[in-house]
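protein-v1.pdb follows (PDB, C-alpha atoms, pLDDT in the B column):
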```
ATOM      1  CA  MET S 255     118.273 119.534  33.033  1.00 88.00           C
ATOM      2  CA  THR S 256     117.490 117.728  36.277  1.00 96.00           C
ATOM      3  CA  THR S 257     117.439 119.764  39.483  1.00 97.00           C
ATOM      4  CA  LEU S 258     117.071 118.506  43.043  1.00 98.00           C
ATOM      5  CA  PHE S 259     114.743 120.718  45.100  1.00 98.00           C
ATOM      6  CA  ILE S 260     114.859 120.388  48.888  1.00 97.00           C
ATOM      7  CA  ASP S 261     112.063 121.755  51.065  1.00 96.00           C
ATOM      8  CA  ALA S 262     114.682 122.525  53.683  1.00 93.00           C
ATOM      9  CA  ASP S 263     112.784 123.700  56.743  1.00 82.00           C
ATOM     10  CA  ALA S 264     112.890 120.745  59.168  1.00 83.00           C
ATOM     11  CA  CYS S 265     114.553 118.476  56.583  1.00 92.00           C
ATOM     12  CA  PRO S 266     116.779 115.907  58.328  1.00 94.00           C
ATOM     13  CA  VAL S 267     118.518 114.705  55.142  1.00 96.00           C
ATOM     14  CA  LYS S 268     119.967 117.859  53.554  1.00 95.00           C
ATOM     15  CA  ALA S 269     123.578 116.684  53.844  1.00 95.00           C
ATOM     16  CA  GLU S 270     122.773 113.243  52.427  1.00 96.00           C
ATOM     17  CA  ALA S 271     120.856 114.745  49.511  1.00 97.00           C
ATOM     18  CA  GLU S 272     123.759 117.074  48.757  1.00 97.00           C
ATOM     19  CA  ARG S 273     126.213 114.147  48.687  1.00 96.00           C
ATOM     20  CA  VAL S 274     124.087 112.100  46.290  1.00 97.00           C
ATOM     21  CA  ALA S 275     123.419 115.094  44.017  1.00 97.00           C
ATOM     22  CA  THR S 276     127.122 115.979  43.947  1.00 97.00           C
ATOM     23  CA  ARG S 277     128.016 112.437  42.904  1.00 96.00           C
ATOM     24  CA  HIS S 278     125.637 112.829  39.934  1.00 96.00           C
ATOM     25  CA  LYS S 279     126.617 116.477  39.291  1.00 97.00           C
ATOM     26  CA  VAL S 280     123.001 117.601  39.744  1.00 97.00           C
ATOM     27  CA  PRO S 281     122.286 121.180  40.868  1.00 98.00           C
ATOM     28  CA  VAL S 282     120.498 121.504  44.205  1.00 98.00           C
ATOM     29  CA  LYS S 283     118.097 124.233  45.347  1.00 98.00           C
ATOM     30  CA  VAL S 284     117.823 124.280  49.152  1.00 97.00           C
ATOM     31  CA  VAL S 285     114.682 126.349  49.773  1.00 97.00           C
ATOM     32  CA  SER S 286     113.870 127.791  53.198  1.00 94.00           C
ATOM     33  CA  ASN S 287     112.737 130.866  55.109  1.00 90.00           C
ATOM     34  CA  GLY S 288     116.311 131.353  56.313  1.00 84.00           C
ATOM     35  CA  GLY S 289     118.376 130.291  59.254  1.00 81.00           C
ATOM     36  CA  LEU S 290     120.315 127.578  57.445  1.00 88.00           C
ATOM     37  CA  ARG S 291     124.072 127.497  57.119  1.00 89.00           C
ATOM     38  CA  PRO S 292     124.954 127.924  53.420  1.00 89.00           C
ATOM     39  CA  SER S 293     126.777 125.110  51.701  1.00 92.00           C
ATOM     40  CA  GLN S 294     130.170 125.760  50.128  1.00 94.00           C
ATOM     41  CA  ASN S 295     129.351 123.280  47.363  1.00 97.00           C
ATOM     42  CA  PRO S 296     129.120 125.111  44.005  1.00 97.00           C
ATOM     43  CA  LEU S 297     126.232 122.843  42.943  1.00 97.00           C
ATOM     44  CA  VAL S 298     124.114 123.945  45.918  1.00 97.00           C
ATOM     45  CA  GLU S 299     122.120 127.169  45.865  1.00 96.00           C
ATOM     46  CA  ASN S 300     120.483 128.296  49.082  1.00 95.00           C
ATOM     47  CA  VAL S 301     117.210 129.983  48.197  1.00 96.00           C
ATOM     48  CA  ILE S 302     115.829 132.177  50.957  1.00 94.00           C
ATOM     49  CA  VAL S 303     112.158 133.048  50.528  1.00 95.00           C
ATOM     50  CA  ASP S 304     110.006 135.487  52.464  1.00 93.00           C
ATOM     51  CA  ALA S 305     108.638 134.337  55.790  1.00 88.00           C
ATOM     52  CA  GLY S 306     105.072 133.144  55.712  1.00 85.00           C
ATOM     53  CA  PRO S 307     103.015 130.007  55.412  1.00 83.00           C
ATOM     54  CA  ASP S 308     103.816 127.878  52.390  1.00 89.00           C
ATOM     55  CA  VAL S 309     106.062 130.477  50.694  1.00 94.00           C
ATOM     56  CA  ALA S 310     108.900 127.965  50.246  1.00 94.00           C
ATOM     57  CA  ASP S 311     106.396 125.372  49.023  1.00 95.00           C
ATOM     58  CA  MET S 312     104.987 127.769  46.432  1.00 96.00           C
ATOM     59  CA  TRP S 313     108.501 128.626  45.221  1.00 97.00           C
ATOM     60  CA  ILE S 314     109.303 124.952  44.668  1.00 98.00           C
ATOM     61  CA  ALA S 315     105.904 124.135  43.124  1.00 97.00           C
ATOM     62  CA  GLU S 316     106.297 126.930  40.566  1.00 97.00           C
ATOM     63  CA  ARG S 317     109.671 125.574  39.387  1.00 98.00           C
ATOM     64  CA  ALA S 318     109.726 121.780  39.781  1.00 98.00           C
ATOM     65  CA  GLY S 319     108.655 119.725  36.808  1.00 97.00           C
ATOM     66  CA  ARG S 320     109.350 116.730  34.630  1.00 96.00           C
ATOM     67  CA  GLY S 321     112.862 115.422  35.183  1.00 95.00           C
ATOM     68  CA  ASP S 322     113.302 117.078  38.584  1.00 98.00           C
ATOM     69  CA  VAL S 323     113.414 115.460  42.008  1.00 98.00           C
ATOM     70  CA  VAL S 324     111.823 117.049  45.094  1.00 98.00           C
ATOM     71  CA  VAL S 325     112.462 116.139  48.732  1.00 98.00           C
ATOM     72  CA  THR S 326     109.631 117.173  51.053  1.00 96.00           C
ATOM     73  CA  GLY S 327     107.410 115.978  53.852  1.00 91.00           C
ATOM     74  CA  ASP S 328     104.656 118.396  52.829  1.00 92.00           C
ATOM     75  CA  ILE S 329     101.864 116.418  51.173  1.00 92.00           C
ATOM     76  CA  PRO S 330     100.119 119.322  49.347  1.00 94.00           C
ATOM     77  CA  LEU S 331     103.500 120.385  47.899  1.00 95.00           C
ATOM     78  CA  ALA S 332     104.174 116.783  46.906  1.00 95.00           C
ATOM     79  CA  ALA S 333     100.807 116.641  45.120  1.00 96.00           C
ATOM     80  CA  LYS S 334     101.604 119.767  43.098  1.00 96.00           C
ATOM     81  CA  CYS S 335     105.051 118.479  42.165  1.00 97.00           C
ATOM     82  CA  VAL S 336     103.782 115.000  41.223  1.00 96.00           C
ATOM     83  CA  GLY S 337     101.133 116.713  39.091  1.00 96.00           C
ATOM     84  CA  ALA S 338     103.879 118.682  37.336  1.00 97.00           C
ATOM     85  CA  GLY S 339     105.759 115.464  36.551  1.00 97.00           C
ATOM     86  CA  ALA S 340     108.515 115.660  39.188  1.00 97.00           C
ATOM     87  CA  ARG S 341     109.711 112.697  41.217  1.00 97.00           C
ATOM     88  CA  VAL S 342     108.991 113.312  44.909  1.00 97.00           C
ATOM     89  CA  LEU S 343     110.426 111.682  48.030  1.00 97.00           C
ATOM     90  CA  ARG S 344     109.697 111.938  51.735  1.00 94.00           C
ATOM     91  CA  HIS S 345     112.657 112.260  54.097  1.00 94.00           C
ATOM     92  CA  ASN S 346     112.407 108.545  54.890  1.00 94.00           C
ATOM     93  CA  GLY S 347     112.665 107.496  51.244  1.00 95.00           C
ATOM     94  CA  GLU S 348     108.973 106.826  50.577  1.00 95.00           C
ATOM     95  CA  ALA S 349     107.961 108.045  47.136  1.00 96.00           C
ATOM     96  CA  PHE S 350     104.912 110.168  46.420  1.00 94.00           C
ATOM     97  CA  THR S 351     103.463 109.006  43.092  1.00 95.00           C
ATOM     98  CA  GLU S 352     100.381 109.532  40.971  1.00 92.00           C
ATOM     99  CA  ALA S 353      99.131 106.197  42.320  1.00 92.00           C
ATOM    100  CA  ASN S 354      99.359 107.138  46.011  1.00 89.00           C
ATOM    101  CA  ILE S 355      99.140 110.932  46.277  1.00 83.00           C
ATOM    102  CA  GLY S 356      95.328 111.001  46.452  1.00 80.00           C
ATOM    103  CA  GLN S 357      95.312 108.566  49.360  1.00 82.00           C
ATOM    104  CA  GLN S 358      98.091 110.543  51.081  1.00 82.00           C
ATOM    105  CA  LEU S 359      96.069 113.776  50.815  1.00 79.00           C
ATOM    106  CA  ALA S 360      92.923 112.061  52.096  1.00 77.00           C
ATOM    107  CA  MET S 361      94.784 110.578  55.076  1.00 78.00           C
ATOM    108  CA  ARG S 362      96.307 113.980  55.871  1.00 69.00           C
ATOM    109  CA  ASP S 363      92.859 115.574  55.863  1.00 71.00           C
ATOM    110  CA  LEU S 364      91.395 112.772  57.997  1.00 73.00           C
ATOM    111  CA  MET S 365      94.151 113.130  60.586  1.00 68.00           C
ATOM    112  CA  ALA S 366      93.644 116.915  60.683  1.00 71.00           C
ATOM    113  CA  ASP S 367      89.923 116.363  61.305  1.00 68.00           C
ATOM    114  CA  LEU S 368      90.656 113.858  64.082  1.00 71.00           C
ATOM    115  CA  ARG S 369      93.073 116.267  65.776  1.00 71.00           C
ATOM    116  CA  ALA S 370      90.526 119.096  65.518  1.00 75.00           C
ATOM    117  CA  ALA S 371      87.782 116.899  67.016  1.00 80.00           C
ATOM    118  CA  ASP S 372      89.886 115.955  70.051  1.00 76.00           C
ATOM    119  CA  PRO S 373      92.055 118.831  71.271  1.00 72.00           C
ATOM    120  CA  PHE S 374      93.529 116.596  73.977  1.00 72.00           C
ATOM    121  CA  ARG S 375      94.760 114.009  71.501  1.00 67.00           C
ATOM    122  CA  GLN S 376      98.458 113.523  72.116  1.00 66.00           C
ATOM    123  CA  GLY S 377     101.147 111.983  70.016  1.00 61.00           C
ATOM    124  CA  GLY S 378     102.969 112.675  66.871  1.00 63.00           C
ATOM    125  CA  GLY S 379     104.958 110.935  64.246  1.00 65.00           C
ATOM    126  CA  LYS S 380     107.556 108.346  64.984  1.00 74.00           C
ATOM    127  CA  GLY S 381     111.184 109.414  65.306  1.00 82.00           C
ATOM    128  CA  PHE S 382     113.568 109.591  62.375  1.00 86.00           C
ATOM    129  CA  THR S 383     115.873 106.541  62.423  1.00 91.00           C
ATOM    130  CA  LYS S 384     119.112 105.385  60.811  1.00 93.00           C
ATOM    131  CA  ALA S 385     117.006 102.971  58.750  1.00 94.00           C
ATOM    132  CA  ASP S 386     114.933 105.919  57.463  1.00 94.00           C
ATOM    133  CA  ARG S 387     118.140 107.731  56.485  1.00 94.00           C
ATOM    134  CA  SER S 388     119.435 104.637  54.694  1.00 95.00           C
ATOM    135  CA  ARG S 389     116.128 104.140  52.823  1.00 96.00           C
ATOM    136  CA  PHE S 390     116.229 107.800  51.795  1.00 97.00           C
ATOM    137  CA  LEU S 391     119.759 107.478  50.388  1.00 96.00           C
ATOM    138  CA  ASP S 392     118.794 104.394  48.364  1.00 97.00           C
ATOM    139  CA  ALA S 393     115.586 105.985  47.096  1.00 97.00           C
ATOM    140  CA  LEU S 394     117.268 109.269  46.133  1.00 97.00           C
ATOM    141  CA  GLU S 395     119.973 107.386  44.257  1.00 97.00           C
ATOM    142  CA  ARG S 396     117.292 105.492  42.280  1.00 96.00           C
ATOM    143  CA  GLU S 397     115.197 108.603  41.585  1.00 96.00           C
ATOM    144  CA  LEU S 398     118.152 110.708  40.411  1.00 96.00           C
ATOM    145  CA  ARG S 399     119.369 107.919  38.112  1.00 95.00           C
ATOM    146  CA  ALA S 400     115.868 107.591  36.637  1.00 94.00           C
ATOM    147  CA  ALA S 401     115.502 111.362  36.240  1.00 94.00           C
ATOM    148  CA  LEU S 402     118.846 111.625  34.450  1.00 92.00           C
ATOM    149  CA  ARG S 403     117.910 109.002  31.855  1.00 87.00           C
TER
END
```
With the file now loaded, output its structure as structure tokens.
Amino acid sequence: MTTLFIDADACPVKAEAERVATRHKVPVKVVSNGGLRPSQNPLVENVIVDAGPDVADMWIAERAGRGDVVVTGDIPLAAKCVGAGARVLRHNGEAFTEANIGQQLAMRDLMADLRAADPFRQGGGKGFTKADRSRFLDALERELRAALR
């Protein structure tokens, strides 16, 4: 059975993911360290894990597999889930796949090295836009349909 796993800490598309999953009658696991308002939707289970680095990620990685869909911005978690056969999406709708996960990990490591080499380096990611939200909705719809086949 397909399950939608959401790495919920700092996830800007929880409500959208819940709507799409409900339309397909897919159970949702919203995994976080706490502090989120529980959904009243019977398909949605809020999973509260212990505080600590990567605890929510480990919980998802241990359970997600073939036929599941994972929403995360965490590249190491995405790599584990892709390796287990799950379909994985970023919050902006970009898919992590076997073909691109290696490059994504390498780029993450390179950027970490660059930040460490220049402690005064400023900047961050670009803001989350309506177009990102729209791309996410389209991508999640496609991934859930494919997973349910």
If you count only C-alpha atoms, which residues fall within 12 Å of S:Ser286, apart from same-chain ones fewer than 2 positions away, as number ranges by chain? S: 259-265, 268, 283-284, 288-292, 299-314, 326
Around stretch 393-401 of chain S, fit a box with edges along x, y and z, padding it by 4 Å on each side, then list its centre and edge lengths in Å to one decimal as AutoDock Vina command-line options.
```
--center_x 117.6 --center_y 108.4 --center_z 41.7 --size_x 12.8 --size_y 13.9 --size_z 18.9
```
What is the distance between atom CA of S:Asp386 and atom CA of S:Val267, in Å to one decimal? 9.8 Å
Which residues, named as in the file, does the PyMOL selection byres ((chain S and resi 330) around 12) pick out? Answer as a ChimeraX atom specification. /S:308,311-312,314-315,326-329,331-337,342,350,355-363
Picked residues, the PyMOL selection byres ((chain S and resi 258) around 7), as a PyMOL selection string: chain S and resi 256-257+259-260+280-283+322-324
I need stretch 257-278 of chain S written out with N, CA, C and O atoms, as a PDB file, in the first residue's frame; please produce it.
```
ATOM      1  N   THR S 257       2.090   4.925   0.790  1.00  0.00           N
ATOM      2  CA  THR S 257       2.013   5.898   1.873  1.00  0.00           C
ATOM      3  C   THR S 257       2.787   7.138   1.451  1.00  0.00           C
ATOM      4  O   THR S 257       3.826   7.039   0.808  1.00  0.00           O
ATOM      5  N   LEU S 258       2.270   8.301   1.817  1.00  0.00           N
ATOM      6  CA  LEU S 258       2.968   9.558   1.589  1.00  0.00           C
ATOM      7  C   LEU S 258       3.635   9.958   2.894  1.00  0.00           C
ATOM      8  O   LEU S 258       2.963  10.125   3.911  1.00  0.00           O
ATOM      9  N   PHE S 259       4.964  10.078   2.876  1.00  0.00           N
ATOM     10  CA  PHE S 259       5.735  10.501   4.037  1.00  0.00           C
ATOM     11  C   PHE S 259       6.141  11.949   3.830  1.00  0.00           C
ATOM     12  O   PHE S 259       6.678  12.296   2.774  1.00  0.00           O
ATOM     13  N   ILE S 260       5.913  12.789   4.839  1.00  0.00           N
ATOM     14  CA  ILE S 260       6.301  14.195   4.749  1.00  0.00           C
ATOM     15  C   ILE S 260       7.304  14.499   5.853  1.00  0.00           C
ATOM     16  O   ILE S 260       6.999  14.330   7.037  1.00  0.00           O
ATOM     17  N   ASP S 261       8.500  14.916   5.452  1.00  0.00           N
ATOM     18  CA  ASP S 261       9.510  15.412   6.376  1.00  0.00           C
ATOM     19  C   ASP S 261       9.038  16.817   6.733  1.00  0.00           C
ATOM     20  O   ASP S 261       9.298  17.781   6.021  1.00  0.00           O
ATOM     21  N   ALA S 262       8.301  16.931   7.833  1.00  0.00           N
ATOM     22  CA  ALA S 262       7.455  18.099   8.069  1.00  0.00           C
ATOM     23  C   ALA S 262       8.141  19.323   8.640  1.00  0.00           C
ATOM     24  O   ALA S 262       7.620  20.425   8.514  1.00  0.00           O
ATOM     25  N   ASP S 263       9.275  19.170   9.288  1.00  0.00           N
ATOM     26  CA  ASP S 263       9.935  20.351   9.835  1.00  0.00           C
ATOM     27  C   ASP S 263      10.336  21.266   8.674  1.00  0.00           C
ATOM     28  O   ASP S 263      11.029  20.848   7.760  1.00  0.00           O
ATOM     29  N   ALA S 264       9.849  22.484   8.694  1.00  0.00           N
ATOM     30  CA  ALA S 264      10.137  23.493   7.663  1.00  0.00           C
ATOM     31  C   ALA S 264       9.584  23.128   6.290  1.00  0.00           C
ATOM     32  O   ALA S 264      10.093  23.570   5.271  1.00  0.00           O
ATOM     33  N   CYS S 265       8.538  22.322   6.234  1.00  0.00           N
ATOM     34  CA  CYS S 265       7.924  21.959   4.954  1.00  0.00           C
ATOM     35  C   CYS S 265       6.816  22.954   4.622  1.00  0.00           C
ATOM     36  O   CYS S 265       5.823  23.041   5.351  1.00  0.00           O
ATOM     37  N   PRO S 266       6.943  23.691   3.511  1.00  0.00           N
ATOM     38  CA  PRO S 266       5.939  24.696   3.174  1.00  0.00           C
ATOM     39  C   PRO S 266       4.725  24.155   2.425  1.00  0.00           C
ATOM     40  O   PRO S 266       3.827  24.919   2.076  1.00  0.00           O
ATOM     41  N   VAL S 267       4.675  22.850   2.163  1.00  0.00           N
ATOM     42  CA  VAL S 267       3.590  22.305   1.333  1.00  0.00           C
ATOM     43  C   VAL S 267       2.807  21.184   2.027  1.00  0.00           C
ATOM     44  O   VAL S 267       2.224  20.335   1.364  1.00  0.00           O
ATOM     45  N   LYS S 268       2.756  21.200   3.342  1.00  0.00           N
ATOM     46  CA  LYS S 268       2.023  20.152   4.068  1.00  0.00           C
ATOM     47  C   LYS S 268       0.541  20.134   3.684  1.00  0.00           C
ATOM     48  O   LYS S 268      -0.020  19.073   3.422  1.00  0.00           O
ATOM     49  N   ALA S 269      -0.091  21.287   3.671  1.00  0.00           N
ATOM     50  CA  ALA S 269      -1.524  21.347   3.366  1.00  0.00           C
ATOM     51  C   ALA S 269      -1.802  20.872   1.936  1.00  0.00           C
ATOM     52  O   ALA S 269      -2.768  20.129   1.697  1.00  0.00           O
ATOM     53  N   GLU S 270      -0.966  21.258   1.000  1.00  0.00           N
ATOM     54  CA  GLU S 270      -1.155  20.843  -0.389  1.00  0.00           C
ATOM     55  C   GLU S 270      -0.986  19.337  -0.528  1.00  0.00           C
ATOM     56  O   GLU S 270      -1.755  18.666  -1.221  1.00  0.00           O
ATOM     57  N   ALA S 271       0.027  18.797   0.140  1.00  0.00           N
ATOM     58  CA  ALA S 271       0.263  17.350   0.083  1.00  0.00           C
ATOM     59  C   ALA S 271      -0.914  16.590   0.675  1.00  0.00           C
ATOM     60  O   ALA S 271      -1.340  15.564   0.136  1.00  0.00           O
ATOM     61  N   GLU S 272      -1.459  17.102   1.766  1.00  0.00           N
ATOM     62  CA  GLU S 272      -2.617  16.456   2.391  1.00  0.00           C
ATOM     63  C   GLU S 272      -3.808  16.448   1.438  1.00  0.00           C
ATOM     64  O   GLU S 272      -4.511  15.446   1.324  1.00  0.00           O
ATOM     65  N   ARG S 273      -4.046  17.550   0.748  1.00  0.00           N
ATOM     66  CA  ARG S 273      -5.176  17.614  -0.197  1.00  0.00           C
ATOM     67  C   ARG S 273      -5.029  16.592  -1.317  1.00  0.00           C
ATOM     68  O   ARG S 273      -5.979  15.883  -1.648  1.00  0.00           O
ATOM     69  N   VAL S 274      -3.837  16.513  -1.900  1.00  0.00           N
ATOM     70  CA  VAL S 274      -3.625  15.577  -3.007  1.00  0.00           C
ATOM     71  C   VAL S 274      -3.752  14.135  -2.509  1.00  0.00           C
ATOM     72  O   VAL S 274      -4.400  13.302  -3.143  1.00  0.00           O
ATOM     73  N   ALA S 275      -3.164  13.833  -1.369  1.00  0.00           N
ATOM     74  CA  ALA S 275      -3.246  12.475  -0.812  1.00  0.00           C
ATOM     75  C   ALA S 275      -4.691  12.095  -0.486  1.00  0.00           C
ATOM     76  O   ALA S 275      -5.107  10.956  -0.720  1.00  0.00           O
ATOM     77  N   THR S 276      -5.451  13.035   0.041  1.00  0.00           N
ATOM     78  CA  THR S 276      -6.853  12.766   0.373  1.00  0.00           C
ATOM     79  C   THR S 276      -7.644  12.450  -0.882  1.00  0.00           C
ATOM     80  O   THR S 276      -8.473  11.530  -0.891  1.00  0.00           O
ATOM     81  N   ARG S 277      -7.393  13.173  -1.952  1.00  0.00           N
ATOM     82  CA  ARG S 277      -8.088  12.921  -3.217  1.00  0.00           C
ATOM     83  C   ARG S 277      -7.836  11.490  -3.705  1.00  0.00           C
ATOM     84  O   ARG S 277      -8.714  10.853  -4.267  1.00  0.00           O
ATOM     85  N   HIS S 278      -6.632  10.974  -3.434  1.00  0.00           N
ATOM     86  CA  HIS S 278      -6.279   9.614  -3.867  1.00  0.00           C
ATOM     87  C   HIS S 278      -6.481   8.576  -2.761  1.00  0.00           C
ATOM     88  O   HIS S 278      -6.151   7.410  -2.958  1.00  0.00           O
TER      89      HIS S 278
END
```
